[in-house]
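Structure below is target23.tsv: TSV, C-alpha atoms.
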```
chain	number	residue	atom	x	y	z
A	1	MET	CA	-34.01	3.81	-48.38
A	2	PRO	CA	-30.88	5.98	-48.09
A	3	SER	CA	-28.71	6.29	-51.16
A	4	LEU	CA	-25.22	4.72	-51.25
A	5	ARG	CA	-23.69	8.20	-51.40
A	6	GLY	CA	-25.63	9.20	-48.24
A	7	VAL	CA	-24.32	6.18	-46.31
A	8	LYS	CA	-20.76	6.91	-47.43
A	9	ARG	CA	-21.07	10.56	-46.40
A	10	ARG	CA	-22.45	9.54	-42.97
A	11	SER	CA	-19.66	7.04	-42.48
A	12	ASN	CA	-17.09	9.73	-43.39
A	13	LEU	CA	-18.72	12.05	-40.88
A	14	VAL	CA	-18.49	9.42	-38.12
A	15	GLY	CA	-14.83	8.79	-39.04
A	16	ASP	CA	-14.11	12.52	-38.91
A	17	CYS	CA	-15.77	12.78	-35.50
A	18	PHE	CA	-13.59	9.94	-34.16
A	19	ALA	CA	-10.46	11.55	-35.60
A	20	LEU	CA	-11.41	14.88	-34.01
A	21	LEU	CA	-12.07	13.16	-30.68
A	22	ALA	CA	-8.71	11.36	-30.83
A	23	MET	CA	-6.87	14.59	-31.66
A	24	THR	CA	-8.66	16.43	-28.82
A	25	THR	CA	-7.71	13.66	-26.39
A	26	VAL	CA	-4.06	13.80	-27.45
A	27	PHE	CA	-4.12	17.60	-27.34
A	28	PHE	CA	-5.46	17.81	-23.79
A	29	SER	CA	-3.49	14.88	-22.40
A	30	THR	CA	-0.15	16.36	-23.45
A	31	PRO	CA	0.99	19.63	-21.88
A	32	LEU	CA	0.11	22.67	-23.96
A	33	PHE	CA	3.69	23.86	-23.84
A	34	ALA	CA	6.27	21.24	-23.07
A	35	PHE	CA	10.00	21.70	-23.02
A	36	ASP	CA	13.12	19.58	-22.73
A	37	VAL	CA	15.85	19.98	-20.15
A	38	GLU	CA	19.40	19.10	-21.12
A	39	GLY	CA	22.63	19.39	-19.27
A	40	THR	CA	25.88	17.97	-18.04
A	41	ILE	CA	27.08	16.84	-14.65
A	42	LYS	CA	30.74	17.36	-13.89
A	43	VAL	CA	33.14	17.16	-10.99
A	44	GLU	CA	35.55	19.92	-10.03
A	45	ALA	CA	39.23	19.00	-10.30
A	46	PRO	CA	41.12	17.34	-8.70
A	47	TYR	CA	38.74	14.47	-9.39
A	48	PRO	CA	38.16	11.85	-6.73
A	49	VAL	CA	39.66	8.51	-7.70
A	50	PRO	CA	37.57	5.34	-7.54
A	51	ALA	CA	38.87	2.78	-5.09
A	52	GLN	CA	40.73	-0.28	-6.26
A	53	ILE	CA	39.31	-3.47	-4.84
A	54	GLU	CA	41.40	-6.48	-3.90
A	55	VAL	CA	39.23	-9.44	-4.78
A	56	PRO	CA	39.20	-12.18	-2.13
A	57	LYS	CA	41.05	-15.26	-3.39
A	58	ASP	CA	37.86	-17.37	-3.57
A	59	HIS	CA	36.54	-15.14	-6.36
A	60	VAL	CA	39.73	-14.35	-8.30
A	61	ALA	CA	39.30	-17.15	-10.84
A	62	HIS	CA	36.05	-15.70	-12.13
A	63	CYS	CA	36.23	-12.00	-11.22
A	64	GLY	CA	39.94	-11.23	-11.49
A	65	ALA	CA	42.38	-10.20	-8.77
A	66	LYS	CA	41.61	-6.48	-8.81
A	67	ARG	CA	38.60	-4.41	-9.71
A	68	ILE	CA	37.83	-0.71	-9.89
A	69	SER	CA	34.93	0.39	-7.74
A	70	THR	CA	31.79	1.25	-9.72
A	71	LYS	CA	30.89	3.97	-7.23
A	72	LEU	CA	32.64	6.69	-9.24
A	73	LYS	CA	32.77	6.93	-13.01
A	74	ILE	CA	34.48	10.16	-13.98
A	75	SER	CA	35.88	10.85	-17.46
A	76	PRO	CA	39.32	12.45	-17.94
A	77	GLU	CA	37.41	15.72	-18.55
A	78	GLY	CA	35.54	15.44	-15.26
A	79	ALA	CA	32.17	14.21	-16.65
A	80	LEU	CA	30.26	12.24	-14.05
A	81	ALA	CA	28.23	9.16	-14.99
A	82	ASN	CA	25.44	7.56	-12.95
A	83	ALA	CA	24.10	10.74	-11.36
A	84	VAL	CA	20.32	10.63	-11.05
A	85	ILE	CA	18.55	13.82	-12.13
A	86	GLU	CA	14.99	14.14	-10.90
A	87	VAL	CA	12.54	16.98	-11.45
A	88	LYS	CA	10.83	18.14	-8.27
A	89	GLY	CA	7.41	19.78	-8.04
A	90	ILE	CA	5.76	17.86	-10.88
A	91	PRO	CA	1.92	18.04	-10.81
A	92	GLU	CA	0.14	14.96	-9.43
A	93	SER	CA	-1.44	14.34	-12.84
A	94	ALA	CA	1.94	13.56	-14.41
A	95	LYS	CA	2.38	10.19	-12.70
A	96	MET	CA	4.51	7.59	-14.37
A	97	SER	CA	2.68	4.95	-16.36
A	98	PRO	CA	3.53	1.32	-15.62
A	99	ALA	CA	6.39	-0.12	-17.64
A	100	SER	CA	5.23	-2.14	-20.63
A	101	GLN	CA	8.09	-4.60	-20.12
A	102	ASN	CA	9.75	-5.59	-16.88
A	103	PRO	CA	12.99	-3.68	-16.35
A	104	VAL	CA	16.04	-5.92	-16.10
A	105	LEU	CA	18.83	-5.95	-13.53
A	106	ASP	CA	21.50	-8.36	-14.68
A	107	GLN	CA	24.53	-9.81	-12.96
A	108	LYS	CA	27.40	-10.22	-15.36
A	109	ASP	CA	31.18	-9.72	-15.23
A	110	CYS	CA	30.88	-9.69	-11.43
A	111	GLU	CA	28.83	-6.48	-11.47
A	112	PHE	CA	25.19	-5.48	-11.56
A	113	SER	CA	24.07	-3.98	-14.84
A	114	PRO	CA	22.83	-1.30	-15.04
A	115	HIS	CA	24.38	0.30	-11.98
A	116	ILE	CA	21.38	2.59	-11.63
A	117	LEU	CA	17.93	1.36	-12.59
A	118	VAL	CA	15.03	3.82	-12.46
A	119	ILE	CA	11.56	2.26	-12.54
A	120	PRO	CA	7.94	3.34	-12.03
A	121	GLU	CA	6.11	2.58	-8.77
A	122	GLY	CA	4.72	-0.95	-8.81
A	123	ALA	CA	7.10	-2.19	-11.51
A	124	THR	CA	8.45	-5.71	-11.36
A	125	VAL	CA	12.17	-6.08	-11.98
A	126	ASN	CA	13.56	-9.19	-13.63
A	127	ILE	CA	16.79	-9.93	-11.78
A	128	LEU	CA	19.07	-12.15	-13.84
A	129	ASN	CA	22.19	-14.13	-13.19
A	130	SER	CA	24.03	-14.39	-16.51
A	131	GLU	CA	27.14	-15.89	-14.95
A	132	PRO	CA	28.30	-19.39	-14.17
A	133	VAL	CA	28.78	-18.45	-10.48
A	134	ILE	CA	26.36	-18.12	-7.57
A	135	HIS	CA	25.14	-14.66	-6.55
A	136	ASN	CA	23.23	-13.70	-3.40
A	137	VAL	CA	20.94	-10.78	-4.18
A	138	ARG	CA	19.83	-8.70	-1.23
A	139	ALA	CA	17.86	-5.46	-1.41
A	140	PHE	CA	17.46	-2.83	1.30
A	141	ASP	CA	15.42	0.34	1.49
A	142	GLU	CA	16.63	3.69	2.83
A	143	LYS	CA	15.61	2.71	6.37
A	144	ALA	CA	17.90	-0.35	6.15
A	145	ALA	CA	14.96	-2.75	6.01
A	146	MET	CA	15.69	-5.83	3.95
A	147	LEU	CA	13.25	-6.44	1.09
A	148	PHE	CA	14.56	-9.78	-0.06
A	149	ASN	CA	17.56	-12.07	0.15
A	150	LEU	CA	17.89	-14.74	-2.50
A	151	ALA	CA	20.65	-17.04	-3.63
A	152	MET	CA	20.84	-17.41	-7.39
A	153	GLN	CA	22.50	-20.68	-8.30
A	154	PRO	CA	23.59	-20.48	-11.95
A	155	GLU	CA	22.14	-23.83	-13.00
A	156	LYS	CA	19.01	-23.54	-10.88
A	157	ILE	CA	17.78	-19.94	-10.77
A	158	GLN	CA	18.58	-17.67	-13.68
A	159	MET	CA	15.86	-15.12	-13.05
A	160	ILE	CA	13.81	-13.85	-10.14
A	161	LYS	CA	11.02	-11.30	-10.34
A	162	LYS	CA	10.67	-8.67	-7.63
A	163	ARG	CA	8.06	-5.95	-7.42
A	164	PHE	CA	8.88	-2.49	-6.01
A	165	ASP	CA	5.70	-0.84	-4.71
A	166	GLU	CA	6.91	2.25	-2.92
A	167	ASN	CA	8.89	5.07	-4.38
A	168	GLY	CA	12.35	5.68	-2.98
A	169	LYS	CA	15.89	4.45	-3.24
A	170	TYR	CA	16.83	0.80	-2.84
A	171	ILE	CA	20.30	-0.65	-2.74
A	172	VAL	CA	20.85	-4.10	-4.16
A	173	ARG	CA	23.92	-5.99	-2.99
A	174	CYS	CA	25.48	-9.35	-3.58
A	175	GLY	CA	26.23	-11.05	-0.28
A	176	ILE	CA	29.01	-13.12	-1.84
A	177	HIS	CA	30.82	-10.59	-4.04
A	178	LYS	CA	30.83	-7.71	-1.58
A	179	TRP	CA	31.79	-5.02	-4.09
A	180	MET	CA	28.75	-5.74	-6.27
A	181	HIS	CA	25.95	-3.25	-5.78
A	182	ALA	CA	23.35	-1.33	-7.75
A	183	PHE	CA	20.56	1.12	-7.02
A	184	VAL	CA	16.93	0.69	-7.94
A	185	ILE	CA	15.20	4.05	-7.84
A	186	VAL	CA	11.43	3.96	-7.83
A	187	GLN	CA	9.88	7.12	-9.29
A	188	GLU	CA	6.38	8.55	-9.26
A	189	HIS	CA	6.72	10.41	-12.56
A	190	PRO	CA	8.66	10.07	-15.84
A	191	TYR	CA	10.72	13.25	-15.49
A	192	TYR	CA	14.13	11.90	-14.56
A	193	ALA	CA	17.41	10.98	-16.21
A	194	VAL	CA	20.65	9.21	-15.39
A	195	SER	CA	23.82	10.90	-16.62
A	196	ASP	CA	25.77	8.96	-19.24
A	197	SER	CA	29.54	8.44	-19.49
A	198	SER	CA	29.85	11.99	-20.92
A	199	GLY	CA	27.95	13.37	-17.93
A	200	ARG	CA	25.06	14.29	-20.25
A	201	PHE	CA	21.37	13.93	-19.57
A	202	LYS	CA	18.08	14.91	-21.18
A	203	ILE	CA	14.56	15.05	-19.74
A	204	THR	CA	11.85	15.50	-22.33
A	205	GLY	CA	8.30	16.84	-22.38
A	206	LEU	CA	8.26	18.77	-19.11
A	207	PRO	CA	5.01	20.70	-18.63
A	208	GLU	CA	5.66	24.45	-18.74
A	209	GLY	CA	6.74	25.88	-15.44
A	210	GLU	CA	9.72	26.45	-13.18
A	211	TYR	CA	11.23	23.42	-11.58
A	212	THR	CA	14.02	22.36	-9.29
A	213	LEU	CA	16.25	19.54	-10.42
A	214	ASN	CA	17.60	17.31	-7.71
A	215	ILE	CA	20.87	15.67	-8.68
A	216	TRP	CA	21.91	12.69	-6.59
A	217	HIS	CA	25.09	10.65	-6.76
A	218	GLU	CA	25.84	7.75	-4.44
A	219	GLU	CA	29.27	9.05	-3.46
A	220	LEU	CA	29.00	12.79	-4.03
A	221	GLY	CA	25.55	13.41	-2.58
A	222	ASP	CA	22.83	15.88	-3.59
A	223	LEU	CA	22.86	19.14	-5.55
A	224	THR	CA	20.02	21.23	-6.93
A	225	ALA	CA	19.54	23.43	-10.00
A	226	LYS	CA	16.65	25.54	-11.30
A	227	VAL	CA	15.19	25.05	-14.76
A	228	SER	CA	12.38	26.57	-16.82
A	229	ALA	CA	11.33	26.82	-20.46
A	230	SER	CA	13.45	29.96	-20.81
A	231	ASN	CA	16.38	28.33	-19.00
A	232	PRO	CA	16.34	24.67	-20.06
A	233	ASN	CA	20.09	24.00	-20.18
A	234	VAL	CA	22.00	23.30	-17.00
A	235	SER	CA	25.59	22.54	-16.17
A	236	VAL	CA	26.11	21.25	-12.67
A	237	VAL	CA	29.52	20.85	-11.07
A	238	TYR	CA	30.16	18.89	-7.89
A	239	PRO	CA	32.71	20.77	-5.79
A	240	THR	CA	36.02	19.16	-4.88
A	241	GLN	CA	35.55	16.64	-2.11
A	242	LYS	CA	37.18	17.61	1.16
A	243	LYS	CA	39.09	14.77	2.75
B	1	MET	CA	-7.44	-18.87	59.25
B	2	LYS	CA	-4.78	-21.57	59.67
B	3	LYS	CA	-5.47	-22.75	56.13
B	4	ILE	CA	-4.93	-19.26	54.71
B	5	PHE	CA	-1.67	-18.93	56.65
B	6	LEU	CA	-0.40	-22.25	55.25
B	7	ILE	CA	-1.25	-21.23	51.70
B	8	PHE	CA	0.58	-17.94	52.23
B	9	VAL	CA	3.71	-19.71	53.55
B	10	PHE	CA	3.58	-22.17	50.64
B	11	MET	CA	3.45	-19.29	48.14
B	12	ILE	CA	6.45	-17.55	49.74
B	13	PHE	CA	8.47	-20.79	49.53
B	14	GLN	CA	7.49	-21.29	45.91
B	15	VAL	CA	8.64	-17.78	44.90
B	16	ALA	CA	11.90	-18.16	46.86
B	17	PHE	CA	12.73	-21.51	45.24
B	18	ALA	CA	11.82	-20.25	41.78
B	19	ASN	CA	14.29	-17.38	42.20
B	20	LEU	CA	16.94	-19.73	43.54
B	21	SER	CA	16.58	-22.14	40.63
B	22	SER	CA	16.63	-19.32	38.03
B	23	ALA	CA	19.75	-17.88	39.74
B	24	GLU	CA	21.37	-21.29	39.42
B	25	ASN	CA	20.71	-21.13	35.68
B	26	MET	CA	22.45	-17.81	35.26
B	27	ILE	CA	25.89	-17.65	33.63
B	28	PRO	CA	28.42	-14.84	33.34
B	29	VAL	CA	29.28	-13.60	29.83
B	30	THR	CA	31.23	-10.64	28.52
B	31	VAL	CA	29.80	-8.35	25.88
B	32	LYS	CA	32.24	-6.12	24.01
B	33	VAL	CA	31.18	-3.50	21.48
B	34	ASP	CA	33.58	-1.72	19.15
B	35	PHE	CA	31.70	1.16	17.53
B	36	GLY	CA	34.45	1.72	14.92
B	37	PRO	CA	33.41	4.37	12.37
B	38	ALA	CA	30.50	5.47	14.58
B	39	ALA	CA	33.15	7.28	16.67
B	40	LYS	CA	31.92	6.14	20.07
B	41	PRO	CA	34.26	4.66	22.65
B	42	ALA	CA	34.36	0.87	22.81
B	43	VAL	CA	32.47	-0.64	25.74
B	44	GLU	CA	32.90	-3.91	27.61
B	45	LYS	CA	30.34	-5.22	30.10
B	46	GLN	CA	30.14	-8.35	32.25
B	47	ILE	CA	26.59	-9.52	32.58
B	48	MET	CA	24.60	-12.50	33.80
B	49	ILE	CA	22.23	-14.22	31.42
B	50	GLU	CA	20.33	-17.49	31.42
B	51	ASP	CA	22.40	-20.53	30.48
B	52	LYS	CA	22.20	-21.22	26.73
B	53	GLY	CA	21.02	-17.69	26.06
B	54	THR	CA	21.78	-16.18	22.65
B	55	PRO	CA	24.29	-13.43	21.80
B	56	LYS	CA	21.32	-11.19	21.02
B	57	GLU	CA	19.88	-11.75	24.51
B	58	ALA	CA	23.29	-11.10	26.07
B	59	THR	CA	23.73	-7.91	24.06
B	60	ALA	CA	20.20	-6.74	24.87
B	61	ALA	CA	20.97	-7.22	28.58
B	62	ALA	CA	23.87	-4.78	28.25
B	63	PHE	CA	22.74	-2.27	25.60
B	64	PRO	CA	19.58	-1.04	23.89
B	65	VAL	CA	19.25	-3.31	20.84
B	66	LYS	CA	17.00	-3.30	17.79
B	67	GLU	CA	16.14	-6.38	15.82
B	68	GLY	CA	16.30	-6.45	12.01
B	69	ALA	CA	17.65	-8.34	9.03
B	70	THR	CA	21.14	-7.32	8.02
B	71	CYS	CA	22.25	-10.52	6.38
B	72	CYS	CA	19.63	-13.13	6.28
B	73	ASP	CA	17.00	-13.08	8.95
B	74	PRO	CA	14.73	-10.48	10.59
B	75	LYS	CA	15.76	-11.86	14.00
B	76	GLU	CA	19.28	-10.47	13.62
B	77	VAL	CA	20.63	-7.39	15.41
B	78	SER	CA	20.47	-4.21	13.34
B	79	THR	CA	21.15	-1.53	15.98
B	80	ILE	CA	23.26	-1.51	19.14
B	81	ASP	CA	23.16	1.47	21.49
B	82	GLY	CA	21.68	3.66	18.73
B	83	VAL	CA	24.26	2.69	16.10
B	84	ALA	CA	22.52	1.04	13.15
B	85	ALA	CA	23.73	-1.09	10.28
B	86	ASP	CA	23.40	1.01	7.13
B	87	PRO	CA	23.35	-0.95	3.85
B	88	MET	CA	23.36	2.29	1.80
B	89	LYS	CA	26.68	3.30	3.36
B	90	ASN	CA	27.93	-0.28	3.59
B	91	LEU	CA	28.16	-0.13	7.39
B	92	TRP	CA	27.52	-3.39	9.21
B	93	TRP	CA	27.71	-5.13	12.54
B	94	ARG	CA	29.96	-8.20	12.72
B	95	LEU	CA	29.50	-10.69	15.54
B	96	LYS	CA	32.29	-12.76	17.06
B	97	ILE	CA	31.95	-15.35	19.78
B	98	ASN	CA	35.18	-16.08	21.64
B	99	GLY	CA	37.18	-14.33	18.91
B	100	THR	CA	35.68	-15.99	15.86
B	101	SER	CA	32.82	-15.06	13.59
B	102	LYS	CA	32.65	-18.55	12.09
B	103	ASN	CA	29.16	-19.98	12.71
B	104	ALA	CA	28.35	-17.07	15.03
B	105	SER	CA	24.66	-16.20	14.83
B	106	PRO	CA	23.03	-13.54	16.99
B	107	HIS	CA	19.85	-15.56	17.49
B	108	ARG	CA	20.90	-19.17	16.91
B	109	SER	CA	24.21	-19.52	18.75
B	110	ARG	CA	23.90	-20.63	22.40
B	111	LEU	CA	26.24	-19.22	25.01
B	112	LYS	CA	27.96	-20.95	27.90
B	113	ALA	CA	29.62	-19.53	31.02
B	114	ASN	CA	32.47	-17.06	30.39
B	115	ASP	CA	31.84	-16.75	26.65
B	116	VAL	CA	32.85	-13.47	25.08
B	117	VAL	CA	30.37	-11.86	22.69
B	118	GLU	CA	32.01	-9.21	20.55
B	119	TRP	CA	30.36	-6.80	18.13
B	120	ILE	CA	32.40	-4.82	15.64
B	121	TYR	CA	30.89	-1.99	13.61
B	122	PHE	CA	32.74	-1.70	10.32
B	123	LYS	CA	32.58	-0.23	6.85
B	124	GLU	CA	32.81	-2.83	4.12
B	125	GLU	CA	35.44	-1.20	1.92
B	126	GLN	CA	34.59	-3.26	-1.11
```

This structure in structure tokens:
Amino acid sequence: MPSLRGVKRRSNLVGDCFALLAMTTVFFSTPLFAFDVEGTIKVEAPYPVPAQIEVPKDHVAHCGAKRISTKLKISPEGALANAVIEVKGIPESAKMSPASQNPVLDQKDCEFSPHILVIPEGATVNILNSEPVIHNVRAFDEKAAMLFNLAMQPEKIQMIKKRFDENGKYIVRCGIHKWMHAFVIVQEHPYYAVSDSSGRFKITGLPEGEYTLNIWHEELGDLTAKVSASNPNVSVVYPTQKK
Amino acid sequence: MKKIFLIFVFMIFQVAFANLSSAENMIPVTVKVDFGPAAKPAVEKQIMIEDKGTPKEATAAAFPVKEGATCCDPKEVSTIDGVAADPMKNLWWRLKINGTSKNASPHRSRLKANDVVEWIYFKEEQ
């Protein structure tokens, strides 16, 4: 019959083995050398001015008479918000894991929020209507194919769930409030960012290597920049738009 | 031999009458297309279509057309003469029948003689 001390020692040994196994798993599943990319997205002066929208009289009571287009958000210093920064050339193994909670696309104050929603392939988006007015949510892919078209009556439908299976860019529009739109961007991997109101972005935990960043903005188009562990900070400037 | 000849004559008559009756069912309509921001010259064509045909059928008789949902239904018109609605760029096709877009549907509206089907390609500025 084994002594109590012997059992305890064996149990400690088993515990140690599990701990070692867990550490090994974590060690090999995370890149050996990972680095973060940080940067800013700016626009060269003179800055383009967002359009002012005359709201049709049917919608003035709830949405106001005039609105500023959400297509361009540029700070007085030229910082550009809502640019999507995506790392190209990521190894196949670094696929994005499914979201633990459904991402949310809300409709409030006569706008979609957020304006840019980045989700993993196969994620289901909860589309909300937080307003006392009807919205008509329509989504299209880059080939102009319509994914869905649903009326959201405030008292009847406050949430719909829609799954996005293929990566790519989708535009979501309201068929009633024509200025309302948002982008759902379906990504294969987690190495992306959306620039904030200061034009800043950060992408963490990139496996060591040299990469190309693709920067996309709905009005200003695409730009690229190179990054690596030795050159992780980037400042990208969109040139002045020619009229 | 006589029997075969009679059958042959009967068939000729049947084809001739079928054509005559379908010709009687044909109506003239005008199809106008304003390509707007697509920078192509506007085109107007007079065509004959079957009575109670749809604007989509009339347009397809005058131009290459592609079907696709742009508002509400996959049976709508998404492309006319190579110019496609583009939701990403907010470019759309608007249909008017006899000058009005009220209740005008590319696949549900029914046309009568001398109707004018008008397509306008436009950028939704909002």

As AutoDock Vina command-line options: centre and edge lengths in Å, one decimal, of the axis-aligned box holding range 39-44 of chain B with 6 Å per side:
```
--center_x 33.1 --center_y 1.7 --center_z 22.1 --size_x 14.4 --size_y 23.2 --size_z 22.9
```

| message | Between CA of Gly199 in chain A and CA of Glu219 in chain A, what is the distance in Å, rounded to a tenth? | response |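 Straight-line distance from CA of Gly199 in chain A to CA of Glu219 in chain A works out to 15.2 Å.
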
Interface, chain A side, toward chain B (9 Å; all atoms listed in the file) as a CSV table (one decimal) with C-alpha atoms, in the coordinates of the input:
```csv
chain,number,residue,atom,x,y,z
A,51,ALA,CA,38.9,2.8,-5.1
A,52,GLN,CA,40.7,-0.3,-6.3
A,53,ILE,CA,39.3,-3.5,-4.8
A,54,GLU,CA,41.4,-6.5,-3.9
A,55,VAL,CA,39.2,-9.4,-4.8
A,69,SER,CA,34.9,0.4,-7.7
A,138,ARG,CA,19.8,-8.7,-1.2
A,139,ALA,CA,17.9,-5.5,-1.4
A,140,PHE,CA,17.5,-2.8,1.3
A,141,ASP,CA,15.4,0.3,1.5
A,142,GLU,CA,16.6,3.7,2.8
A,143,LYS,CA,15.6,2.7,6.4
A,144,ALA,CA,17.9,-0.4,6.2
A,145,ALA,CA,15.0,-2.8,6.0
A,146,MET,CA,15.7,-5.8,4.0
A,148,PHE,CA,14.6,-9.8,-0.1
A,149,ASN,CA,17.6,-12.1,0.2
A,170,TYR,CA,16.8,0.8,-2.8
A,171,ILE,CA,20.3,-0.6,-2.7
A,172,VAL,CA,20.8,-4.1,-4.2
A,173,ARG,CA,23.9,-6.0,-3.0
A,175,GLY,CA,26.2,-11.0,-0.3
A,177,HIS,CA,30.8,-10.6,-4.0
A,178,LYS,CA,30.8,-7.7,-1.6
A,179,TRP,CA,31.8,-5.0,-4.1
A,180,MET,CA,28.8,-5.7,-6.3
A,218,GLU,CA,25.8,7.8,-4.4
```

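Residues with at least one atom no more than 9 Å from (18.5, -11.2, -15.5), using only C-alpha atoms, are A:Val104, A:Leu105, A:Asp106, A:Gln107, A:Lys108, A:Val125, A:Asn126, A:Ile127, A:Leu128, A:Asn129, A:Ser130, A:Gln158, A:Met159, A:Ile160.
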
| Do you have the CA of Asp109 in chain A-CA of Pro56 in chain A distance handy? |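 These atoms are spaced 15.6 Å apart.
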
| With all atoms listed in the file as the atoms that count, which of A:Glu188, A:Glu77, A:Asp58, A:Glu121 lies nearest to Val133 in chain A? |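 When distances to Val133 in chain A are compared using all atoms listed in the file, the smallest one comes from A:Asp58.
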
| message | So, with only C-alpha atoms as the atoms that count, which of B:Val65, B:Leu91, B:Leu111, B:Val117 lies closest to Gly53 in chain B? | response |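 That would be B:Leu111, the residue with the smallest distance to Gly53 in chain B.
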
| said: I need the residue nearest Pro207 in chain A from this list: A:Ala34, A:Val227, A:Leu80, A:Ala193. Use only C-alpha atoms for the distance. | reply: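 Selected residue with least distance to Pro207 in chain A: A:Ala34.
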
| query | What is the distance between CA of Gln241 in chain A and CA of Ile203 in chain A, in Å to one decimal? | reply |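 Distance reported for this atom pair: 27.5 Å.
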
| message | My list of candidates is B:Met26, B:Val31, B:Ala39, B:Ala58. Which is closest to Val116 in chain B when distances are computed with all atoms listed in the file? | response | B:Val31

| Shell around Ile90 in chain A at 12 Å using all atoms listed in the file, local window under 6 positions removed, as a PyMOL selection string | chain A and resi 96+187-192+205-213

7 Å contact set for Gln46 in chain B, only C-alpha atoms, chain neighbours under 5 positions out, as a PDB file with C-alpha atoms, in the coordinates of the input:
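Generated output (selection22.pdb):
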```pdb
ATOM      1  CA  PRO B  28      28.420 -14.840  33.340  1.00  0.00           C
ATOM      2  CA  VAL B  29      29.280 -13.600  29.830  1.00  0.00           C
ATOM      3  CA  THR B  30      31.230 -10.640  28.520  1.00  0.00           C
ATOM      4  CA  VAL B  31      29.800  -8.350  25.880  1.00  0.00           C
TER       5      VAL B  31
END
```

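Minimum atom-to-atom distances from B:Lys102, B:Ser109, B:Pro37, B:Leu95 to Asp51 in chain B were compared using all atoms listed in the file, and the lowest value belongs to B:Ser109.
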
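Considering the residues B:Pro106, B:Phe35, B:Ala113, B:Thr79 and counting only C-alpha atoms, Thr54 in chain B has its shortest atom-to-atom contact with B:Pro106.
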
| request: Could you give me, as an NGL selection string, the residues that sit within 12 Å of (23.0, 12.2, -4.3) in the file's coordinates, counting all atoms listed in the file? | output: (:A and (71 or 82-86 or 169 or 183 or 185 or 194 or 213-224 or 238)) or (:B and (88))

| Test item: residues at most 12 Å from Ser100 in chain A, all atoms listed in the file, excluding those fewer than 4 positions along its chain, as number ranges by chain | A: 96, 119-120, 122-125

| request: Extract, using only C-alpha atoms, all DNA, RNA and protein residues at most 9 Å from Gly78 in chain A, discarding same-chain residues fewer than 2 positions from it, and format them as a VMD selection string. | output: chain A and resid 41 to 47 74 to 76 80 198 to 199
